[in-house]
Amino acid sequence: MGQAMFRGSMVALVTPMRDDGAVDFAALDRLVDFHLQSGTHAIVAVGTTGEASTLDVDEHIGVVEAVVKRVGGRIPVIAGTGANATREAIELTQRATDAGADACLLVTPYYNKPTQEGLYRHFRAIAQATSVPIILYNVPGRTACDMLAETVIRLANVPRIVGIKEATGDIGRGVAIRASVGPDFVLLSGDDASAVELAAIGATGVISVTANVAPERMHAVWEAVGAGDIGRARELDRPLAGLHKNLFVESNPIPVKWALQQMGLCGGHLRLPLTPLAADKVVYVREALAQGGISA
């Protein structure tokens with residue numbers, strides 16, 4: 001698929017769970033079908049939104065295998081395989097590759113707060129141990145670890161590291177990266193609210209929470225981006241602004257799982273320590289769905 005796999009509306013897919021906490025593979029199939037029918041350009045399985053941090057390794061790889069099987073090669077499947085131990089990240093990446101993932105997305109190591117040199121060596125070691133494209137993922141608001149632009153620029157020269165999901169929401173960060181890497185290095189937004197503005201300076205896609213509930217609309221936004229019409233993309237994105245904001249009124253994926261349950265697409269169960277959407281927050285998510293033209 002080459003670099004073309006890293007474009008457009010790429011959903012950060014939830015992992016549906018039954019009331020007993022087990023992964024609901026039947027619902028997972030339904031969600032994949034929903035995205036295939038709605039024009040989603042790629043699926044990111046078991047990332048942050050997919051509650052990767054509460055799945056054990058076998059469950060993690062089981063979800064990747066199930067998504068790969070259901071997709072059947074029709075769109076790219078990117079597996080979240082980040083970890084704060086380099087050896088664990090390598091194992092997850094290798095196993096996801098064996099499960100058929102087209103690429104892997106790796107978050108910066110959380111909690112142990114590596115130096116920039118440590119980040120460089122971490123990602124280089126993973127890239128050297130795998131055979132699929134690697135996308136870096138920087139989200140310091142969750143990890144307490146910020147991979148600076150100069151480190152990303154160094155890593156852009158490492159074989160198999162093909163791009164970054166930049167989730168800081170800092171357009172200046174995107175500008176610094178885009179200006180200093182080659183044209184083949186992919187810049188992806190990890191922040192729905194600022195994604196179209198990042199596209200204006202060269203991002204080719206978004207790894208999106210909003211796409212879980214509004215995949216057709218997100219597809220349209222990013223088709224406009226792909227056609228070079230940023231003005232049209234902004235216009236199409238405007239009704240989704242409430243979702244971009246209110247799907248984060250509590251920690252992701254709490255609100256988006258509530259929304260998907262209201263839409264009848266999957267159950268709302270989350271694993272502890274995440275808890276269901278608080279009653280006083282429901283109104284914000286419901287209003288945002290209505291603004292986006294979504295029945296729930």
# chains A, B, ... in the order shown; residues from 1 in each chain; ligands from 1

call {"tool": "closest_atom_pairs", "arguments": {"of": "segment 47-145 of chain A", "to": "segment 206-217 of chain A", "cutoff": "10 Å", "atoms": "only C-alpha atoms", "output": "tab-separated table"}}
result
residue	atom	partner	partner_atom	distance
A:Gly47	CA	A:Ile207	CA	9.9
A:Thr48	CA	A:Val209	CA	9.7
A:Thr49	CA	A:Val209	CA	7.1

call {"tool": "select_by_dssp", "arguments": {"residues": "segment 78-281 of chain A", "states": "strand (DSSP E)", "output": "VMD selection string"}}
result
chain A and resid 78 to 80 103 to 107 134 to 138 161 to 166 186 to 189 205 to 208

call {"tool": "write_last_selection", "arguments": {"atoms": "N, CA and C atoms", "output": "mmCIF file, in the first residue's frame"}}
result
data_model
loop_
_atom_site.group_PDB
_atom_site.id
_atom_site.type_symbol
_atom_site.label_atom_id
_atom_site.label_comp_id
_atom_site.auth_asym_id
_atom_site.auth_seq_id
_atom_site.Cartn_x
_atom_site.Cartn_y
_atom_site.Cartn_z
ATOM 1 N N ILE A 78 -3.789 -0.456 11.181
ATOM 2 C CA ILE A 78 -2.605 -0.024 11.919
ATOM 3 C C ILE A 78 -2.801 -0.427 13.371
ATOM 4 N N ALA A 79 -1.849 -1.142 13.929
ATOM 5 C CA ALA A 79 -1.973 -1.640 15.298
ATOM 6 C C ALA A 79 -1.228 -0.738 16.259
ATOM 7 N N GLY A 80 -1.868 -0.380 17.343
ATOM 8 C CA GLY A 80 -1.170 0.297 18.427
ATOM 9 C C GLY A 80 -0.323 -0.716 19.177
ATOM 10 N N ALA A 103 0.814 -1.718 9.512
ATOM 11 C CA ALA A 103 1.767 -0.795 10.116
ATOM 12 C C ALA A 103 1.499 -0.795 11.613
ATOM 13 N N CYS A 104 2.401 -0.188 12.379
ATOM 14 C CA CYS A 104 2.222 -0.105 13.829
ATOM 15 C C CYS A 104 2.412 1.336 14.291
ATOM 16 N N LEU A 105 1.632 1.701 15.292
ATOM 17 C CA LEU A 105 1.645 3.030 15.898
ATOM 18 C C LEU A 105 2.168 2.892 17.319
ATOM 19 N N LEU A 106 3.236 3.640 17.636
ATOM 20 C CA LEU A 106 3.881 3.463 18.940
ATOM 21 C C LEU A 106 3.960 4.780 19.692
ATOM 22 N N VAL A 107 3.269 4.814 20.824
ATOM 23 C CA VAL A 107 3.274 5.986 21.687
ATOM 24 C C VAL A 107 4.615 6.104 22.397
ATOM 25 N N ILE A 134 6.541 2.041 10.766
ATOM 26 C CA ILE A 134 6.325 2.480 12.142
ATOM 27 C C ILE A 134 5.912 3.954 12.130
ATOM 28 N N ILE A 135 4.833 4.250 12.868
ATOM 29 C CA ILE A 135 4.393 5.626 13.059
ATOM 30 C C ILE A 135 4.635 5.990 14.519
ATOM 31 N N LEU A 136 5.361 7.062 14.738
ATOM 32 C CA LEU A 136 5.574 7.582 16.082
ATOM 33 C C LEU A 136 4.285 8.233 16.578
ATOM 34 N N TYR A 137 4.132 8.330 17.902
ATOM 35 C CA TYR A 137 2.914 8.918 18.467
ATOM 36 C C TYR A 137 3.309 9.740 19.680
ATOM 37 N N ASN A 138 3.063 11.041 19.584
ATOM 38 C CA ASN A 138 3.426 11.962 20.658
ATOM 39 C C ASN A 138 2.171 12.569 21.272
ATOM 40 N N ILE A 161 10.700 4.001 9.930
ATOM 41 C CA ILE A 161 9.931 5.034 10.645
ATOM 42 C C ILE A 161 9.431 6.011 9.589
ATOM 43 N N VAL A 162 8.115 5.984 9.362
ATOM 44 C CA VAL A 162 7.552 6.660 8.189
ATOM 45 C C VAL A 162 6.759 7.919 8.528
ATOM 46 N N GLY A 163 6.463 8.158 9.818
ATOM 47 C CA GLY A 163 5.660 9.330 10.128
ATOM 48 C C GLY A 163 5.400 9.465 11.605
ATOM 49 N N ILE A 164 4.600 10.479 11.940
ATOM 50 C CA ILE A 164 4.250 10.741 13.334
ATOM 51 C C ILE A 164 2.795 11.149 13.463
ATOM 52 N N LYS A 165 2.169 10.663 14.507
ATOM 53 C CA LYS A 165 0.874 11.160 14.966
ATOM 54 C C LYS A 165 1.167 12.219 16.029
ATOM 55 N N GLU A 166 0.960 13.485 15.681
ATOM 56 C CA GLU A 166 1.239 14.607 16.574
ATOM 57 C C GLU A 166 -0.059 15.011 17.267
ATOM 58 N N VAL A 186 5.393 11.166 6.901
ATOM 59 C CA VAL A 186 3.969 11.472 7.029
ATOM 60 C C VAL A 186 3.683 12.207 8.336
ATOM 61 N N LEU A 187 2.956 13.302 8.220
ATOM 62 C CA LEU A 187 2.491 14.034 9.396
ATOM 63 C C LEU A 187 1.001 13.781 9.555
ATOM 64 N N LEU A 188 0.616 13.194 10.689
ATOM 65 C CA LEU A 188 -0.786 12.904 10.994
ATOM 66 C C LEU A 188 -1.187 13.667 12.243
ATOM 67 N N SER A 189 -2.424 14.141 12.271
ATOM 68 C CA SER A 189 -2.939 14.786 13.469
ATOM 69 C C SER A 189 -3.498 13.729 14.417
ATOM 70 N N GLY A 205 -3.500 13.270 7.161
ATOM 71 C CA GLY A 205 -4.588 12.516 7.763
ATOM 72 C C GLY A 205 -4.720 12.809 9.234
ATOM 73 N N VAL A 206 -5.757 12.221 9.817
ATOM 74 C CA VAL A 206 -6.016 12.337 11.248
ATOM 75 C C VAL A 206 -6.310 10.950 11.798
ATOM 76 N N ILE A 207 -5.774 10.662 12.963
ATOM 77 C CA ILE A 207 -6.177 9.467 13.708
ATOM 78 C C ILE A 207 -7.195 9.964 14.715
ATOM 79 N N SER A 208 -8.456 9.637 14.470
ATOM 80 C CA SER A 208 -9.595 10.384 14.986
ATOM 81 C C SER A 208 -10.451 9.607 15.974
#

call {"tool": "atom_distance", "arguments": {"atom1": "atom CA of Arg7 of chain A", "atom2": "atom CA of Glu250 of chain A"}}
result
28.0 Å

call {"tool": "closest_residue", "arguments": {"among": "A:Leu247, A:Cys266, A:Ala127, A:Ile294", "to": "Asp19 of chain A", "atoms": "only C-alpha atoms"}}
result
A:Cys266

call {"tool": "residues_around", "arguments": {"residues": "segment 234-241 of chain A", "least_positions_apart": "2", "cutoff": "12 Å", "atoms": "only C-alpha atoms", "output": "PyMOL selection string"}}
result
chain A and resi 9+191-200+208-211+213-225+228-232+243-248+285+287-294

call {"tool": "atom_distance", "arguments": {"atom1": "atom CA of Arg160 of chain A", "atom2": "atom CA of Ala45 of chain A"}}
result
19.5 Å

call {"tool": "atom_distance", "arguments": {"atom1": "atom CA of Val46 of chain A", "atom2": "atom CA of Pro16 of chain A"}}
result
10.7 Å

call {"tool": "closest_residue", "arguments": {"among": "A:Gln261, A:Val181, A:Ala176, A:Ile75", "to": "Gln37 of chain A", "atoms": "only C-alpha atoms"}}
result
A:Ile75

call {"tool": "select_by_dssp", "arguments": {"residues": "segment 31-273 of chain A", "states": "alpha helix (DSSP H)", "output": "PyMOL selection string"}}
result
chain A and resi 31-38+57-71+86-98+116-128+140-143+149-155+171-180+195-199+215-226+230-237+241-246+254-262

call {"tool": "write_last_selection", "arguments": {"atoms": "C-alpha atoms", "output": "mmCIF file, in the first residue's frame"}}
result
data_model
loop_
_atom_site.group_PDB
_atom_site.id
_atom_site.type_symbol
_atom_site.label_atom_id
_atom_site.label_comp_id
_atom_site.auth_asym_id
_atom_site.auth_seq_id
_atom_site.Cartn_x
_atom_site.Cartn_y
_atom_site.Cartn_z
ATOM 1 C CA LEU A 31 -17.940 -1.649 14.050
ATOM 2 C CA VAL A 32 -15.462 -2.635 11.345
ATOM 3 C CA ASP A 33 -18.353 -3.116 8.896
ATOM 4 C CA PHE A 34 -19.716 0.327 9.881
ATOM 5 C CA HIS A 35 -16.384 1.917 8.984
ATOM 6 C CA LEU A 36 -15.992 0.012 5.743
ATOM 7 C CA GLN A 37 -19.465 1.150 4.691
ATOM 8 C CA SER A 38 -18.842 4.747 5.785
ATOM 9 C CA VAL A 57 -1.031 -9.144 25.344
ATOM 10 C CA ASP A 58 -3.153 -12.028 24.046
ATOM 11 C CA GLU A 59 -6.305 -9.888 24.055
ATOM 12 C CA HIS A 60 -4.406 -7.068 22.366
ATOM 13 C CA ILE A 61 -3.228 -9.301 19.536
ATOM 14 C CA GLY A 62 -6.637 -10.999 19.359
ATOM 15 C CA VAL A 63 -8.279 -7.658 18.593
ATOM 16 C CA VAL A 64 -5.702 -6.909 15.894
ATOM 17 C CA GLU A 65 -6.266 -10.344 14.320
ATOM 18 C CA ALA A 66 -10.040 -9.882 14.383
ATOM 19 C CA VAL A 67 -9.873 -6.441 12.751
ATOM 20 C CA VAL A 68 -7.422 -7.632 10.103
ATOM 21 C CA LYS A 69 -9.650 -10.606 9.285
ATOM 22 C CA ARG A 70 -12.831 -8.544 9.034
ATOM 23 C CA VAL A 71 -11.203 -5.801 6.963
ATOM 24 C CA THR A 86 11.351 -1.231 24.751
ATOM 25 C CA ARG A 87 11.426 -5.030 24.861
ATOM 26 C CA GLU A 88 7.660 -5.172 25.383
ATOM 27 C CA ALA A 89 7.057 -2.728 22.531
ATOM 28 C CA ILE A 90 9.213 -4.862 20.242
ATOM 29 C CA GLU A 91 7.279 -8.010 21.206
ATOM 30 C CA LEU A 92 3.913 -6.348 20.644
ATOM 31 C CA THR A 93 5.044 -4.947 17.303
ATOM 32 C CA GLN A 94 6.350 -8.298 16.120
ATOM 33 C CA ARG A 95 3.185 -10.097 17.197
ATOM 34 C CA ALA A 96 0.921 -7.495 15.592
ATOM 35 C CA THR A 97 2.939 -7.830 12.395
ATOM 36 C CA ASP A 98 2.461 -11.600 12.502
ATOM 37 C CA GLN A 116 15.274 12.660 24.164
ATOM 38 C CA GLU A 117 18.249 10.373 23.521
ATOM 39 C CA GLY A 118 16.368 7.553 25.218
ATOM 40 C CA LEU A 119 13.373 8.183 22.959
ATOM 41 C CA TYR A 120 15.586 8.094 19.893
ATOM 42 C CA ARG A 121 17.177 4.787 20.907
ATOM 43 C CA HIS A 122 13.799 3.288 21.918
ATOM 44 C CA PHE A 123 12.168 3.910 18.552
ATOM 45 C CA ARG A 124 15.291 3.037 16.582
ATOM 46 C CA ALA A 125 15.485 -0.346 18.355
ATOM 47 C CA ILE A 126 11.834 -1.082 17.538
ATOM 48 C CA ALA A 127 12.256 -0.093 13.895
ATOM 49 C CA GLN A 128 15.313 -2.327 13.601
ATOM 50 C CA PRO A 140 2.451 14.350 26.241
ATOM 51 C CA GLY A 141 -0.842 15.177 27.946
ATOM 52 C CA ARG A 142 -1.255 11.434 28.585
ATOM 53 C CA THR A 143 2.314 10.213 28.827
ATOM 54 C CA ALA A 149 10.640 18.157 17.040
ATOM 55 C CA GLU A 150 14.402 17.695 16.831
ATOM 56 C CA THR A 151 14.056 14.077 18.016
ATOM 57 C CA VAL A 152 11.327 13.398 15.471
ATOM 58 C CA ILE A 153 13.570 14.863 12.776
ATOM 59 C CA ARG A 154 16.404 12.506 13.806
ATOM 60 C CA LEU A 155 14.053 9.525 13.786
ATOM 61 C CA ILE A 171 0.422 23.732 14.973
ATOM 62 C CA GLY A 172 3.882 25.275 15.408
ATOM 63 C CA ARG A 173 5.215 21.835 16.312
ATOM 64 C CA GLY A 174 3.782 20.469 13.096
ATOM 65 C CA VAL A 175 5.331 23.310 11.104
ATOM 66 C CA ALA A 176 8.759 22.616 12.610
ATOM 67 C CA ILE A 177 8.559 18.919 11.770
ATOM 68 C CA ARG A 178 7.145 19.377 8.279
ATOM 69 C CA ALA A 179 9.805 21.935 7.370
ATOM 70 C CA SER A 180 12.690 19.680 8.370
ATOM 71 C CA ALA A 195 -6.614 18.485 12.553
ATOM 72 C CA VAL A 196 -7.796 20.548 9.586
ATOM 73 C CA GLU A 197 -5.443 23.375 10.549
ATOM 74 C CA LEU A 198 -2.592 20.857 10.668
ATOM 75 C CA ALA A 199 -3.686 19.702 7.208
ATOM 76 C CA PRO A 215 -17.250 8.361 9.972
ATOM 77 C CA GLU A 216 -19.064 9.560 6.838
ATOM 78 C CA ARG A 217 -18.637 13.189 7.829
ATOM 79 C CA MET A 218 -14.974 12.712 8.696
ATOM 80 C CA HIS A 219 -14.480 10.928 5.370
ATOM 81 C CA ALA A 220 -15.918 13.964 3.574
ATOM 82 C CA VAL A 221 -13.660 16.384 5.473
ATOM 83 C CA TRP A 222 -10.555 14.464 4.530
ATOM 84 C CA GLU A 223 -11.589 13.889 0.959
ATOM 85 C CA ALA A 224 -11.689 17.689 0.706
ATOM 86 C CA VAL A 225 -8.213 17.839 2.248
ATOM 87 C CA GLY A 226 -6.989 15.268 -0.243
ATOM 88 C CA ILE A 230 -8.854 23.328 2.831
ATOM 89 C CA GLY A 231 -11.682 25.881 2.764
ATOM 90 C CA ARG A 232 -14.201 23.139 1.994
ATOM 91 C CA ALA A 233 -12.620 20.906 4.640
ATOM 92 C CA ARG A 234 -13.058 23.660 7.251
ATOM 93 C CA GLU A 235 -16.687 24.124 6.220
ATOM 94 C CA LEU A 236 -17.431 20.404 6.508
ATOM 95 C CA ASP A 237 -15.558 20.164 9.802
ATOM 96 C CA ALA A 241 -16.505 20.991 16.441
ATOM 97 C CA GLY A 242 -18.756 20.037 19.356
ATOM 98 C CA LEU A 243 -17.806 16.393 19.007
ATOM 99 C CA HIS A 244 -14.115 17.221 18.739
ATOM 100 C CA LYS A 245 -14.468 19.006 22.090
ATOM 101 C CA ASN A 246 -17.151 17.107 24.002
ATOM 102 C CA ILE A 254 -15.517 7.259 28.184
ATOM 103 C CA PRO A 255 -17.690 9.700 26.183
ATOM 104 C CA VAL A 256 -17.284 8.012 22.803
ATOM 105 C CA LYS A 257 -18.267 4.627 24.217
ATOM 106 C CA TRP A 258 -21.397 6.207 25.710
ATOM 107 C CA ALA A 259 -22.187 7.718 22.308
ATOM 108 C CA LEU A 260 -21.694 4.427 20.472
ATOM 109 C CA GLN A 261 -23.980 2.695 22.939
ATOM 110 C CA GLN A 262 -26.681 5.332 22.316
#
